[in-house]
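Q: Got a file for you: target-v3.csv, CSV, C-alpha atoms and all ligand atoms.
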chain,number,residue,atom,x,y,z
A,48,MET,CA,18.5,9.5,4.1
A,49,ASN,CA,17.6,13.2,4.4
A,50,THR,CA,13.9,13.9,3.9
A,51,ILE,CA,13.1,17.2,2.2
A,52,ILE,CA,9.7,18.7,2.9
A,53,LYS,CA,8.4,21.6,0.9
A,54,LYS,CA,5.1,23.6,1.1
A,55,VAL,CA,3.3,24.0,-2.2
A,56,ASN,CA,0.5,26.4,-3.0
A,57,TYR,CA,-2.8,24.6,-4.0
A,58,ASP,CA,-4.0,27.0,-6.7
A,59,ASN,CA,-0.7,27.9,-8.2
A,60,PRO,CA,1.7,25.1,-7.4
A,61,GLU,CA,5.3,26.3,-7.6
A,62,GLU,CA,6.8,24.9,-10.8
A,63,SER,CA,10.3,24.7,-9.4
A,64,ILE,CA,9.2,22.5,-6.5
A,65,LEU,CA,7.1,20.2,-8.7
A,66,GLU,CA,10.2,20.0,-11.0
A,67,GLU,CA,12.4,19.1,-8.0
A,68,ALA,CA,9.9,16.5,-6.8
A,69,SER,CA,9.4,15.0,-10.3
A,70,ASN,CA,13.2,14.7,-10.7
A,71,PHE,CA,13.2,12.2,-7.8
A,72,ILE,CA,10.6,10.1,-9.7
A,73,LYS,CA,12.7,10.3,-12.9
A,74,ASN,CA,15.6,9.0,-10.8
A,75,ASN,CA,13.6,6.0,-9.6
A,76,GLU,CA,12.9,7.4,-6.2
A,77,VAL,CA,9.7,7.8,-4.2
A,78,VAL,CA,7.9,11.1,-3.4
A,79,ALA,CA,5.0,11.7,-1.0
A,80,PHE,CA,2.3,14.0,-2.3
A,81,PRO,CA,-1.1,15.3,-1.3
A,82,THR,CA,-4.4,14.1,-2.9
A,83,GLU,CA,-8.0,14.9,-2.1
A,84,THR,CA,-8.3,11.5,-0.3
A,85,VAL,CA,-5.1,11.0,1.7
A,86,TYR,CA,-1.4,11.6,1.1
A,87,GLY,CA,0.2,9.1,-1.4
A,88,LEU,CA,3.7,7.7,-1.6
A,89,GLY,CA,4.3,7.7,-5.3
A,90,ALA,CA,6.8,6.1,-7.7
A,91,ASN,CA,7.0,5.4,-11.4
A,92,ALA,CA,4.3,2.7,-11.8
A,93,LEU,CA,6.1,1.2,-14.8
A,94,ASP,CA,9.5,0.7,-13.2
A,95,GLU,CA,10.0,-2.3,-10.9
A,96,ASN,CA,12.9,-0.8,-8.9
A,97,SER,CA,11.0,2.4,-8.2
A,98,VAL,CA,7.9,0.5,-7.0
A,99,LEU,CA,10.0,-1.7,-4.8
A,100,LYS,CA,11.0,1.4,-2.9
A,101,ILE,CA,7.4,2.1,-2.0
A,102,PHE,CA,7.0,-1.4,-0.5
A,103,GLU,CA,10.3,-1.0,1.4
A,104,ALA,CA,9.6,2.5,2.8
A,105,LYS,CA,6.2,1.5,4.1
A,106,ALA,CA,7.1,-2.0,5.1
A,107,ARG,CA,4.1,-3.1,3.0
A,108,PRO,CA,3.6,-6.8,2.2
A,109,SER,CA,4.4,-7.4,-1.4
A,110,ASP,CA,1.0,-9.2,-2.1
A,111,ASN,CA,-0.9,-6.0,-1.6
A,112,PRO,CA,-1.3,-4.3,-5.0
A,113,LEU,CA,-1.0,-0.5,-5.6
A,114,ILE,CA,-3.3,2.1,-7.2
A,115,VAL,CA,-1.9,3.7,-10.3
A,116,HIS,CA,-2.6,7.4,-10.5
A,117,ILE,CA,-2.9,9.3,-13.9
A,118,SER,CA,-3.4,12.9,-14.8
A,119,LYS,CA,-5.0,12.4,-18.2
A,120,ILE,CA,-7.6,9.9,-19.5
A,121,LYS,CA,-5.5,9.1,-22.5
A,122,GLN,CA,-2.8,7.5,-20.3
A,123,LEU,CA,-5.4,4.7,-19.7
A,124,ASN,CA,-4.7,3.3,-23.2
A,125,ASP,CA,-1.2,2.3,-22.3
A,126,LEU,CA,-2.2,0.6,-19.1
A,127,VAL,CA,-5.5,-1.3,-19.7
A,128,CYS,CA,-6.7,-3.9,-22.3
A,129,GLU,CA,-10.2,-2.6,-22.6
A,130,ILE,CA,-12.4,0.1,-21.2
A,131,PRO,CA,-15.9,-1.3,-20.7
A,132,PRO,CA,-18.8,1.1,-21.4
A,133,ILE,CA,-19.7,1.2,-17.7
A,134,ALA,CA,-16.2,2.5,-17.0
A,135,HIS,CA,-16.8,5.4,-19.3
A,136,LYS,CA,-20.0,6.3,-17.4
A,137,LEU,CA,-18.1,6.2,-14.1
A,138,MET,CA,-15.1,8.2,-15.4
A,139,ASP,CA,-17.4,10.8,-16.9
A,140,LYS,CA,-19.1,11.4,-13.6
A,141,PHE,CA,-16.3,10.8,-11.0
A,142,TRP,CA,-12.9,11.5,-12.6
A,143,PRO,CA,-11.0,13.3,-11.6
A,144,GLY,CA,-12.0,12.2,-8.1
A,145,ALA,CA,-12.0,9.7,-5.3
A,146,LEU,CA,-13.0,6.6,-7.4
A,147,THR,CA,-10.5,3.9,-8.3
A,148,ILE,CA,-11.5,1.5,-11.1
A,149,ILE,CA,-10.0,-2.0,-11.6
A,150,PHE,CA,-9.4,-2.9,-15.3
A,151,LYS,CA,-7.7,-5.8,-17.1
A,152,LYS,CA,-4.1,-4.8,-17.4
A,153,LYS,CA,-1.7,-4.6,-20.3
A,154,GLU,CA,1.7,-6.2,-20.1
A,155,LEU,CA,3.5,-2.9,-19.7
A,156,VAL,CA,2.3,-2.7,-16.1
A,157,PRO,CA,4.9,-4.7,-14.0
A,158,ASP,CA,3.8,-7.5,-11.7
A,159,ILE,CA,5.2,-5.7,-8.7
A,160,THR,CA,2.7,-2.9,-9.1
A,161,THR,CA,-0.3,-5.3,-9.3
A,162,ALA,CA,1.1,-7.9,-7.0
A,163,GLY,CA,1.0,-10.4,-9.8
A,164,ARG,CA,-2.6,-9.9,-10.8
A,165,ASP,CA,-3.8,-9.6,-14.4
A,166,SER,CA,-5.8,-6.5,-13.4
A,167,VAL,CA,-4.7,-2.9,-12.5
A,168,ALA,CA,-6.3,-0.3,-10.2
A,169,ILE,CA,-6.4,3.2,-11.7
A,170,ARG,CA,-7.5,6.6,-10.4
A,171,MET,CA,-7.3,10.2,-11.6
A,172,PRO,CA,-7.1,12.4,-8.5
A,173,SER,CA,-8.8,15.8,-8.5
A,174,HIS,CA,-6.3,17.5,-6.2
A,175,ASN,CA,-4.6,20.3,-8.2
A,176,ILE,CA,-1.1,19.6,-6.8
A,177,ALA,CA,-1.4,15.9,-7.4
A,178,LEU,CA,-2.5,16.4,-11.0
A,179,LYS,CA,0.3,18.9,-11.8
A,180,PHE,CA,2.8,16.7,-10.1
A,181,ILE,CA,1.8,13.5,-12.0
A,182,GLU,CA,1.8,15.5,-15.3
A,183,LYS,CA,5.3,16.7,-14.6
A,184,CYS,CA,6.5,13.2,-13.9
A,185,ASN,CA,5.3,12.2,-17.3
A,186,VAL,CA,4.6,8.6,-16.2
A,187,PRO,CA,1.7,6.9,-14.3
A,188,ILE,CA,2.4,7.1,-10.6
A,189,ALA,CA,1.8,4.0,-8.3
A,190,ALA,CA,0.9,5.2,-4.9
A,191,PRO,CA,-0.5,3.7,-1.7
A,192,SER,CA,-1.2,5.9,1.3
A,193,ALA,CA,2.1,7.5,2.6
A,194,ASN,CA,2.0,6.0,6.1
A,195,SER,CA,3.9,3.1,7.7
A,196,PHE,CA,2.1,-0.1,7.0
A,197,SER,CA,-0.9,-0.5,9.5
A,198,LYS,CA,-0.8,3.1,10.8
A,199,PRO,CA,-3.7,5.4,10.1
A,200,SER,CA,-3.5,7.0,6.7
A,201,PRO,CA,-1.9,10.5,6.6
A,202,THR,CA,-4.1,13.5,5.9
A,203,ILE,CA,-1.4,16.2,6.6
A,204,ALA,CA,2.2,16.3,5.6
A,205,LYS,CA,3.3,16.1,9.3
A,206,HIS,CA,1.8,12.5,9.5
A,207,VAL,CA,3.9,11.5,6.5
A,208,TYR,CA,7.0,13.0,8.1
A,209,GLU,CA,6.3,11.2,11.5
A,210,ASP,CA,6.1,7.8,9.7
A,211,LEU,CA,8.6,8.1,6.9
A,212,ASN,CA,11.2,10.6,7.9
A,213,GLY,CA,14.6,9.3,6.9
A,214,LYS,CA,13.0,6.6,4.6
A,215,ILE,CA,11.9,8.8,1.7
A,216,PRO,CA,13.7,11.7,0.0
A,217,PHE,CA,10.9,14.2,-0.6
A,218,ILE,CA,7.4,15.2,0.7
A,219,ILE,CA,5.2,17.7,-1.1
A,220,ASP,CA,3.3,19.6,1.7
A,221,GLY,CA,-0.1,20.6,0.2
A,222,GLY,CA,-1.9,21.1,3.5
A,223,ASN,CA,-5.0,19.2,4.5
A,224,CYS,CA,-6.6,16.4,2.5
A,225,ASN,CA,-10.2,17.5,1.7
A,226,ILE,CA,-11.9,14.1,2.1
A,227,GLY,CA,-9.6,12.4,4.6
A,228,LEU,CA,-10.5,8.8,3.6
A,229,GLU,CA,-9.1,6.7,0.8
A,230,SER,CA,-10.8,6.3,-2.6
A,231,THR,CA,-13.7,4.0,-3.3
A,232,ILE,CA,-12.6,0.9,-5.3
A,233,ILE,CA,-14.8,-0.7,-7.9
A,234,ASP,CA,-13.9,-3.8,-9.8
A,235,LEU,CA,-15.1,-3.9,-13.4
A,236,THR,CA,-13.2,-7.0,-14.5
A,237,GLN,CA,-16.0,-9.5,-13.4
A,238,GLU,CA,-19.4,-10.0,-14.9
A,239,LYS,CA,-21.0,-7.6,-12.4
A,240,PRO,CA,-19.4,-4.4,-11.0
A,241,MET,CA,-18.3,-4.9,-7.4
A,242,ILE,CA,-17.3,-2.5,-4.7
A,243,LEU,CA,-14.1,-3.8,-3.0
A,244,ARG,CA,-13.7,-0.8,-0.7
A,245,PRO,CA,-16.0,2.0,0.2
A,246,GLY,CA,-14.4,5.5,0.3
A,247,GLY,CA,-14.7,9.1,-0.8
A,248,ILE,CA,-17.4,8.5,-3.4
A,249,THR,CA,-20.5,6.9,-1.8
A,250,ILE,CA,-22.1,3.7,-3.0
A,251,GLU,CA,-25.4,5.7,-3.4
A,252,GLU,CA,-23.6,8.1,-5.8
A,253,ILE,CA,-22.2,5.2,-7.9
A,254,GLU,CA,-25.6,3.4,-8.0
A,255,ASN,CA,-27.2,6.6,-9.3
A,256,VAL,CA,-24.9,6.4,-12.3
A,257,ILE,CA,-24.7,2.7,-13.1
A,258,GLY,CA,-27.5,1.0,-11.1
A,259,LYS,CA,-27.2,-1.6,-8.4
A,260,VAL,CA,-23.6,-2.8,-7.6
A,261,GLU,CA,-22.5,-5.8,-5.5
A,262,LEU,CA,-20.6,-5.1,-2.3
A,263,HIS,CA,-17.7,-7.4,-1.4
A,264,LYS,CA,-18.4,-8.9,2.0
A,265,SER,CA,-15.4,-7.0,3.5
A,266,VAL,CA,-17.1,-3.7,2.8
A,267,LEU,CA,-19.5,-4.1,5.7
A,268,ASN,CA,-17.6,-6.8,7.6
A,269,PRO,CA,-13.9,-5.9,7.1
A,270,LYS,CA,-12.7,-8.3,9.9
A,271,GLU,CA,-14.3,-11.4,8.3
A,272,LYS,CA,-11.6,-13.8,7.3
A,273,VAL,CA,-10.8,-13.9,3.6
A,274,ASP,CA,-8.3,-15.8,1.6
A,275,ILE,CA,-6.7,-13.2,-0.6
A,276,ALA,CA,-5.8,-9.5,0.0
A,277,LYS,CA,-8.1,-8.3,-2.7
A,278,ALA,CA,-8.9,-5.0,-1.1
A,279,PRO,CA,-7.1,-3.2,1.7
A,280,GLY,CA,-7.6,-4.5,5.2
A,281,MET,CA,-9.1,-7.7,4.0
A,282,LYS,CA,-6.1,-9.6,5.1
A,283,TYR,CA,-4.0,-7.3,7.1
A,284,LYS,CA,-4.5,-5.1,10.2
A,285,HIS,CA,-4.9,-1.5,8.9
A,286,TYR,CA,-5.4,2.0,10.0
A,287,SER,CA,-4.7,1.2,13.6
A,288,PRO,CA,-3.8,3.6,16.4
A,289,ASN,CA,-1.7,2.2,19.3
A,290,ALA,CA,-4.7,2.6,21.6
A,291,THR,CA,-7.4,0.0,21.8
A,292,VAL,CA,-10.4,1.0,19.7
A,293,ILE,CA,-14.0,0.1,20.7
A,294,LEU,CA,-16.8,0.9,18.2
A,295,ILE,CA,-20.3,1.3,19.6
A,296,GLU,CA,-23.2,-0.4,17.8
A,297,ASN,CA,-25.6,-1.4,20.5
A,298,SER,CA,-23.9,-0.7,23.8
A,299,THR,CA,-23.5,2.7,25.5
A,300,ILE,CA,-20.5,4.9,26.2
A,301,ASP,CA,-21.3,4.8,30.0
A,302,LYS,CA,-21.1,1.0,30.1
A,303,ILE,CA,-17.7,0.9,28.5
A,304,ILE,CA,-16.3,3.7,30.7
A,305,LYS,CA,-17.5,1.9,33.8
A,306,ARG,CA,-15.4,-1.2,32.8
A,307,ASN,CA,-12.3,0.9,32.0
A,308,LYS,CA,-12.2,3.4,34.9
A,309,ASN,CA,-8.4,3.3,35.2
A,310,LYS,CA,-7.6,3.8,31.6
A,311,LYS,CA,-6.9,7.1,29.8
A,312,ILE,CA,-10.0,7.4,27.6
A,313,GLY,CA,-10.7,9.3,24.4
A,314,ILE,CA,-14.1,9.6,22.8
A,315,ILE,CA,-15.1,10.4,19.2
A,316,SER,CA,-18.8,11.1,18.6
A,317,LEU,CA,-21.2,12.6,16.2
A,318,ASN,CA,-23.4,13.6,19.1
A,319,LYS,CA,-22.6,17.3,19.7
A,320,ASN,CA,-24.5,17.3,23.0
A,321,LEU,CA,-22.7,14.3,24.5
A,322,GLN,CA,-21.9,14.8,28.2
A,323,ILE,CA,-20.0,12.4,30.4
A,324,ASN,CA,-20.5,12.6,34.1
A,325,ASN,CA,-18.6,10.8,36.8
A,326,ALA,CA,-15.6,10.0,34.7
A,327,LYS,CA,-12.5,11.8,33.5
A,328,ILE,CA,-12.2,11.8,29.7
A,329,GLU,CA,-8.8,12.7,28.4
A,330,LYS,CA,-9.9,13.8,25.0
A,331,MET,CA,-13.5,14.4,23.8
A,332,GLU,CA,-14.0,15.0,20.1
A,333,LEU,CA,-17.5,15.9,19.1
A,334,LEU,CA,-17.9,16.3,15.4
A,335,ASN,CA,-20.9,18.0,13.9
A,336,SER,CA,-21.2,16.2,10.6
A,337,ILE,CA,-20.3,13.0,8.8
A,338,ASN,CA,-18.1,15.0,6.4
A,339,ASN,CA,-16.1,16.4,9.3
A,340,LEU,CA,-15.8,13.0,10.8
A,341,SER,CA,-14.5,11.6,7.5
A,342,HIS,CA,-12.1,14.5,7.2
A,343,ASP,CA,-10.7,14.1,10.8
A,344,ILE,CA,-11.0,10.4,11.8
A,345,PHE,CA,-7.4,9.4,10.9
A,346,LYS,CA,-6.0,12.6,12.3
A,347,LEU,CA,-7.9,12.0,15.6
A,348,PHE,CA,-6.6,8.5,15.9
A,349,ARG,CA,-3.1,9.9,15.6
A,350,GLU,CA,-3.7,12.7,18.0
A,351,MET,CA,-5.1,10.3,20.6
A,352,ASP,CA,-1.9,8.3,20.3
A,353,ASP,CA,0.1,11.5,20.8
A,354,HIS,CA,-1.9,12.0,24.1
A,355,ASN,CA,-1.1,8.4,25.1
A,356,ILE,CA,-4.7,7.5,25.2
A,357,GLU,CA,-5.2,3.8,26.0
A,358,LEU,CA,-8.8,3.4,24.9
A,359,ILE,CA,-10.6,5.2,22.1
A,360,ILE,CA,-14.4,4.8,22.1
A,361,VAL,CA,-16.0,5.6,18.8
A,362,ASP,CA,-19.7,6.3,19.2
A,363,LYS,CA,-22.4,5.1,16.8
A,364,ILE,CA,-21.9,6.0,13.2
A,365,PRO,CA,-24.9,5.8,10.8
A,366,SER,CA,-24.4,3.1,8.2
A,367,LYS,CA,-25.2,5.2,5.1
A,368,ASP,CA,-23.4,7.5,2.7
A,369,LEU,CA,-19.9,8.4,3.9
A,370,GLY,CA,-20.8,6.6,7.2
A,371,ILE,CA,-20.3,3.3,5.4
A,372,SER,CA,-16.8,4.2,4.4
A,373,ILE,CA,-15.9,5.6,7.9
A,374,LEU,CA,-17.4,2.5,9.6
A,375,ASN,CA,-15.3,0.3,7.3
A,376,ARG,CA,-12.1,2.0,8.5
A,377,VAL,CA,-13.1,2.1,12.2
A,378,LYS,CA,-14.1,-1.6,12.1
A,379,LYS,CA,-10.6,-2.4,10.7
A,380,ALA,CA,-9.0,-0.5,13.5
A,381,ALA,CA,-11.3,-1.7,16.3
A,382,THR,CA,-10.4,-4.4,18.7
A,383,HIS,CA,-14.1,-5.1,19.1
A,384,ILE,CA,-17.6,-3.8,18.3
A,385,GLU,CA,-20.3,-3.8,21.0
B,401,LIG,P1,-4.1,1.7,-0.6
B,401,LIG,O1,-3.3,0.7,0.2
B,401,LIG,O2,-4.9,2.5,0.3
B,401,LIG,O3,-3.3,2.4,-1.6
B,401,LIG,O4,-5.1,0.8,-1.4
B,401,LIG,C1,-4.8,0.1,-2.5
B,401,LIG,C2,-5.6,-1.1,-2.6
B,401,LIG,O5,-6.2,-1.2,-3.8
B,401,LIG,C3,-4.9,-2.4,-2.3
B,401,LIG,O6,-4.7,-2.7,-1.0
B,401,LIG,C4,-5.7,-3.4,-3.1
B,401,LIG,O7,-6.4,-4.2,-2.2
B,401,LIG,C5,-6.6,-2.6,-4.0
B,401,LIG,N1,-6.1,-3.0,-5.3
B,401,LIG,C6,-5.1,-2.5,-6.1
B,401,LIG,N2,-5.0,-3.1,-7.2
B,401,LIG,C7,-5.9,-4.1,-7.2
B,401,LIG,C8,-6.2,-5.1,-8.2
B,401,LIG,N3,-5.6,-5.2,-9.3
B,401,LIG,N4,-7.3,-5.9,-7.9
B,401,LIG,C9,-7.9,-5.8,-6.7
B,401,LIG,N5,-7.6,-4.9,-5.8
B,401,LIG,C10,-6.6,-4.0,-6.0
B,402,MG,MG,-3.2,2.5,2.8
Would you give me this structure, written as structure tokens?
Ligand code: AMP
Ligand code: MG
A:
Amino acid sequence: MNTIIKKVNYDNPEESILEEASNFIKNNEVVAFPTETVYGLGANALDENSVLKIFEAKARPSDNPLIVHISKIKQLNDLVCEIPPIAHKLMDKFWPGALTIIFKKKELVPDITTAGRDSVAIRMPSHNIALKFIEKCNVPIAAPSANSFSKPSPTIAKHVYEDLNGKIPFIIDGGNCNIGLESTIIDLTQEKPMILRPGGITIEEIENVIGKVELHKSVLNPKEKVDIAKAPGMKYKHYSPNATVILIENSTIDKIIKRNKNKKIGIISLNKNLQINNAKIEKMELLNSINNLSHDIFKLFREMDDHNIELIIVDKIPSKDLGISILNRVKKAATHIE
């Protein structure tokens, strides 16, 4: 399959390109598109054959449900049985934006989209191109991240092309994704609201609106064994570069370098003044804010692979705000934490 890739202007998305892309969706095909979190691989969420193509292109296991993206709140009524009052509060504050909400689903939503669950995950993205594209498609769009399964999520169109060239017909190139991490997922189908995945909206921001929320144990300990793939990475390896990743919690970079003298090493750190003496470091990435780290972490994983780095050392990350979301992704990618 030939993969078409077309650049689209953020503020004034070219109508003709969005039309071309939406025609693929109308013909039961998949299209990769930018959002403020990461690039998504979209298809008509209400059509089984279309959604199947997402799973095939990504080689994604079929028991891993998809997030359904909408461009208008009124689309919710077709998809969900009820909208609890707490959902209204969250939608008022965070939609459009990087928050995915899990509702009880209506029958119209096919099993393949929700991996057989009686609930459905829904998000309204804030990215101007994503909103206009979904609107043009005139159907809700199921979309996981547009990477090959288990690779780091794509935050520029080139990443999508590297993973899915020849497997999908169309990529909308909207430049960089602002946030660089996937959405936060909150489940409102149980008695108490529960965060299943930390992401672009912080837990603190959510608690400011609806009070204390529960955290699924995989939020802080994503590698802990769980029975079902309720949230991403809970069951499967995710977000991994080819290189071994070590996350530092208590140890020091020097100690790890000493043990790995013969390896090609890359370092990612929030310490701007970090200096390494007595060792050759292939790639040193010093980020000056947690927002920049969130924006760049998946891209850096991919770049380190491009440089054939064998060991990526991720320096300490504070466990608060966006740091919780970044730590969740790095822990999933890490071989170990020390
Ligand atoms: P991603 O793979 O980044 O698109 O994330 C989608 C994730 O949302 C899936 O891996 C699921 O774990 C989670 N998800 C989607 N639908 C549901 C649902 N109905 N119940 C619980 N989690 C869901
Ligand atoms: Mg993903």
Q: Restricting the calculation to all atoms listed in the file: of A:Phe80, A:Val115, A:Leu374, A:Ala106, which residue gets closest to Lys198 in chain A?
A: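 Of A:Phe80, A:Val115, A:Leu374, A:Ala106, the one nearest Lys198 in chain A, counting all atoms listed in the file, is A:Ala106.
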Q: May I ask which of the residues A:Glu296, A:Glu61, A:Asp362, A:Asp158 is the closest one to ligand LIG 401 (chain B), counting only C-alpha atoms and all ligand atoms?
A: A:Asp158
Q: Within 12 Å of ligand MG 402 (chain B), counting all atoms listed in the file, which protein or nucleic acid residues do you find, written as a JSON list (two decimals) with C-alpha atoms, keeping the file's coordinate frame?
A:
[["chain", "number", "residue", "atom", "x", "y", "z"],
["A", 84, "THR", "CA", -8.30, 11.50, -0.30],
["A", 85, "VAL", "CA", -5.10, 11.00, 1.70],
["A", 86, "TYR", "CA", -1.40, 11.60, 1.10],
["A", 87, "GLY", "CA", 0.20, 9.10, -1.40],
["A", 88, "LEU", "CA", 3.70, 7.70, -1.60],
["A", 101, "ILE", "CA", 7.40, 2.10, -2.00],
["A", 102, "PHE", "CA", 7.00, -1.40, -0.50],
["A", 105, "LYS", "CA", 6.20, 1.50, 4.10],
["A", 106, "ALA", "CA", 7.10, -2.00, 5.10],
["A", 107, "ARG", "CA", 4.10, -3.10, 3.00],
["A", 108, "PRO", "CA", 3.60, -6.80, 2.20],
["A", 111, "ASN", "CA", -0.90, -6.00, -1.60],
["A", 112, "PRO", "CA", -1.30, -4.30, -5.00],
["A", 113, "LEU", "CA", -1.00, -0.50, -5.60],
["A", 114, "ILE", "CA", -3.30, 2.10, -7.20],
["A", 190, "ALA", "CA", 0.90, 5.20, -4.90],
["A", 191, "PRO", "CA", -0.50, 3.70, -1.70],
["A", 192, "SER", "CA", -1.20, 5.90, 1.30],
["A", 193, "ALA", "CA", 2.10, 7.50, 2.60],
["A", 194, "ASN", "CA", 2.00, 6.00, 6.10],
["A", 195, "SER", "CA", 3.90, 3.10, 7.70],
["A", 196, "PHE", "CA", 2.10, -0.10, 7.00],
["A", 197, "SER", "CA", -0.90, -0.50, 9.50],
["A", 198, "LYS", "CA", -0.80, 3.10, 10.80],
["A", 199, "PRO", "CA", -3.70, 5.40, 10.10],
["A", 200, "SER", "CA", -3.50, 7.00, 6.70],
["A", 201, "PRO", "CA", -1.90, 10.50, 6.60],
["A", 202, "THR", "CA", -4.10, 13.50, 5.90],
["A", 227, "GLY", "CA", -9.60, 12.40, 4.60],
["A", 228, "LEU", "CA", -10.50, 8.80, 3.60],
["A", 229, "GLU", "CA", -9.10, 6.70, 0.80],
["A", 230, "SER", "CA", -10.80, 6.30, -2.60],
["A", 244, "ARG", "CA", -13.70, -0.80, -0.70],
["A", 246, "GLY", "CA", -14.40, 5.50, 0.30],
["A", 278, "ALA", "CA", -8.90, -5.00, -1.10],
["A", 279, "PRO", "CA", -7.10, -3.20, 1.70],
["A", 280, "GLY", "CA", -7.60, -4.50, 5.20],
["A", 281, "MET", "CA", -9.10, -7.70, 4.00],
["A", 283, "TYR", "CA", -4.00, -7.30, 7.10],
["A", 284, "LYS", "CA", -4.50, -5.10, 10.20],
["A", 285, "HIS", "CA", -4.90, -1.50, 8.90],
["A", 286, "TYR", "CA", -5.40, 2.00, 10.00],
["A", 287, "SER", "CA", -4.70, 1.20, 13.60],
["A", 345, "PHE", "CA", -7.40, 9.40, 10.90],
["A", 376, "ARG", "CA", -12.10, 2.00, 8.50],
["A", 379, "LYS", "CA", -10.60, -2.40, 10.70]]
Q: One decimal, Å: what's the distance from CA of Asp301 in chain A over to CA of Ile323 in chain A, could you say?
A: 7.7 Å
Q: So, counting only C-alpha atoms and all ligand atoms, which residue among A:Pro245, A:Pro132, A:Pro365, A:Gly258 is closest to ligand LIG 401 (chain B)?
A: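 The answer is A:Pro245, which sits nearest to ligand LIG 401 (chain B).
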Q: Name all residues at most 12 Å from Asn320 in chain A (count only C-alpha atoms; drop same-chain ones fewer than 6 positions away) and give them as a list in words.
A: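 Using only C-alpha atoms, the neighbours found are Met331, Glu332, Leu333, Leu334 and Asn335 of chain A.
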Q: Compare A:Pro187, A:Met171, A:Ile133, A:Phe141 by their minimum atom-to-atom distance to Leu155 in chain A, counting only C-alpha atoms, and give me the closest one.
A: A:Pro187
Q: Which residues are near Val266 in chain A? Cut-off 7 Å, all atoms listed in the file, ignore same chain within fewer than 3 positions. Put them as an MDAnalysis selection string.
A: chainID A and resid 243:245 262:263 269 375
Q: For the selection just defined, write its residues with C-alpha atoms to a file, as a CSV table (one decimal), keeping the file's coordinate frame.
A:
chain,number,residue,atom,x,y,z
A,243,LEU,CA,-14.1,-3.8,-3.0
A,244,ARG,CA,-13.7,-0.8,-0.7
A,245,PRO,CA,-16.0,2.0,0.2
A,262,LEU,CA,-20.6,-5.1,-2.3
A,263,HIS,CA,-17.7,-7.4,-1.4
A,269,PRO,CA,-13.9,-5.9,7.1
A,375,ASN,CA,-15.3,0.3,7.3
Q: I'd like to know which of A:Asp343, A:Asp353, A:Asp165, A:Glu385 is closest to ligand LIG 401 (chain B), using all atoms listed in the file.
A: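 Ranked by minimum distance to ligand LIG 401 (chain B), first place goes to A:Asp165.
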Q: Measuring atom to atom with only C-alpha atoms, identify which of A:Ala162, A:Ala168, A:Ile219, A:Ile130 is nearest to Glu67 in chain A.
A: A:Ile219
Q: Give me the residues within 10 Å of Lys311 in chain A as a list in words, counting all atoms listed in the file and dropping any in the same chain fewer than 6 places off.
A: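 Non-adjacent residues within range: Ala290, Lys327, Ile328, Glu329, Lys330, Met351, His354, Asn355, Ile356, Glu357, Leu358 and Ile359 of chain A.
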Q: Grab all the atoms of ligand LIG 401 (chain B) that the file lists, wrap them in a box along x, y and z, add 5 Å per side, and give me centre plus edge lengths in Å (one decimal) as lines of an AutoDock Vina configuration file.
A:
center_x = -5.6
center_y = -1.7
center_z = -4.5
size_x = 14.6
size_y = 18.4
size_z = 19.6
Q: What lies within 6 Å of Met241 in chain A using only C-alpha atoms, ignoring chain neighbours under 4 positions off, as number ranges by chain?
A: A: 233-234, 260-262
Q: What gap, in Å, lies between CA of Lys302 in chain A and CA of Leu321 in chain A?
A: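 Rounded to one decimal, the two atoms are 14.5 Å apart.
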Q: Give as a count of residues only every residue, naming chains and numbers as the document does, that has an atom within 12 Å of (-5.9, 4.7, -23.7), counting all atoms listed in the file.
A: 17
Q: Counting only C-alpha atoms, which residues have an atom no more than 7 Å from (-13.8, 10.0, 5.3) in the file's coordinates? Please list them as a list in words.
A: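 In the file's frame, the residues around the point are Ile226, Gly227, Leu228, Gly246, Gly247, Asn338, Leu340, Ser341, His342, Leu369, Ser372 and Ile373 of chain A.
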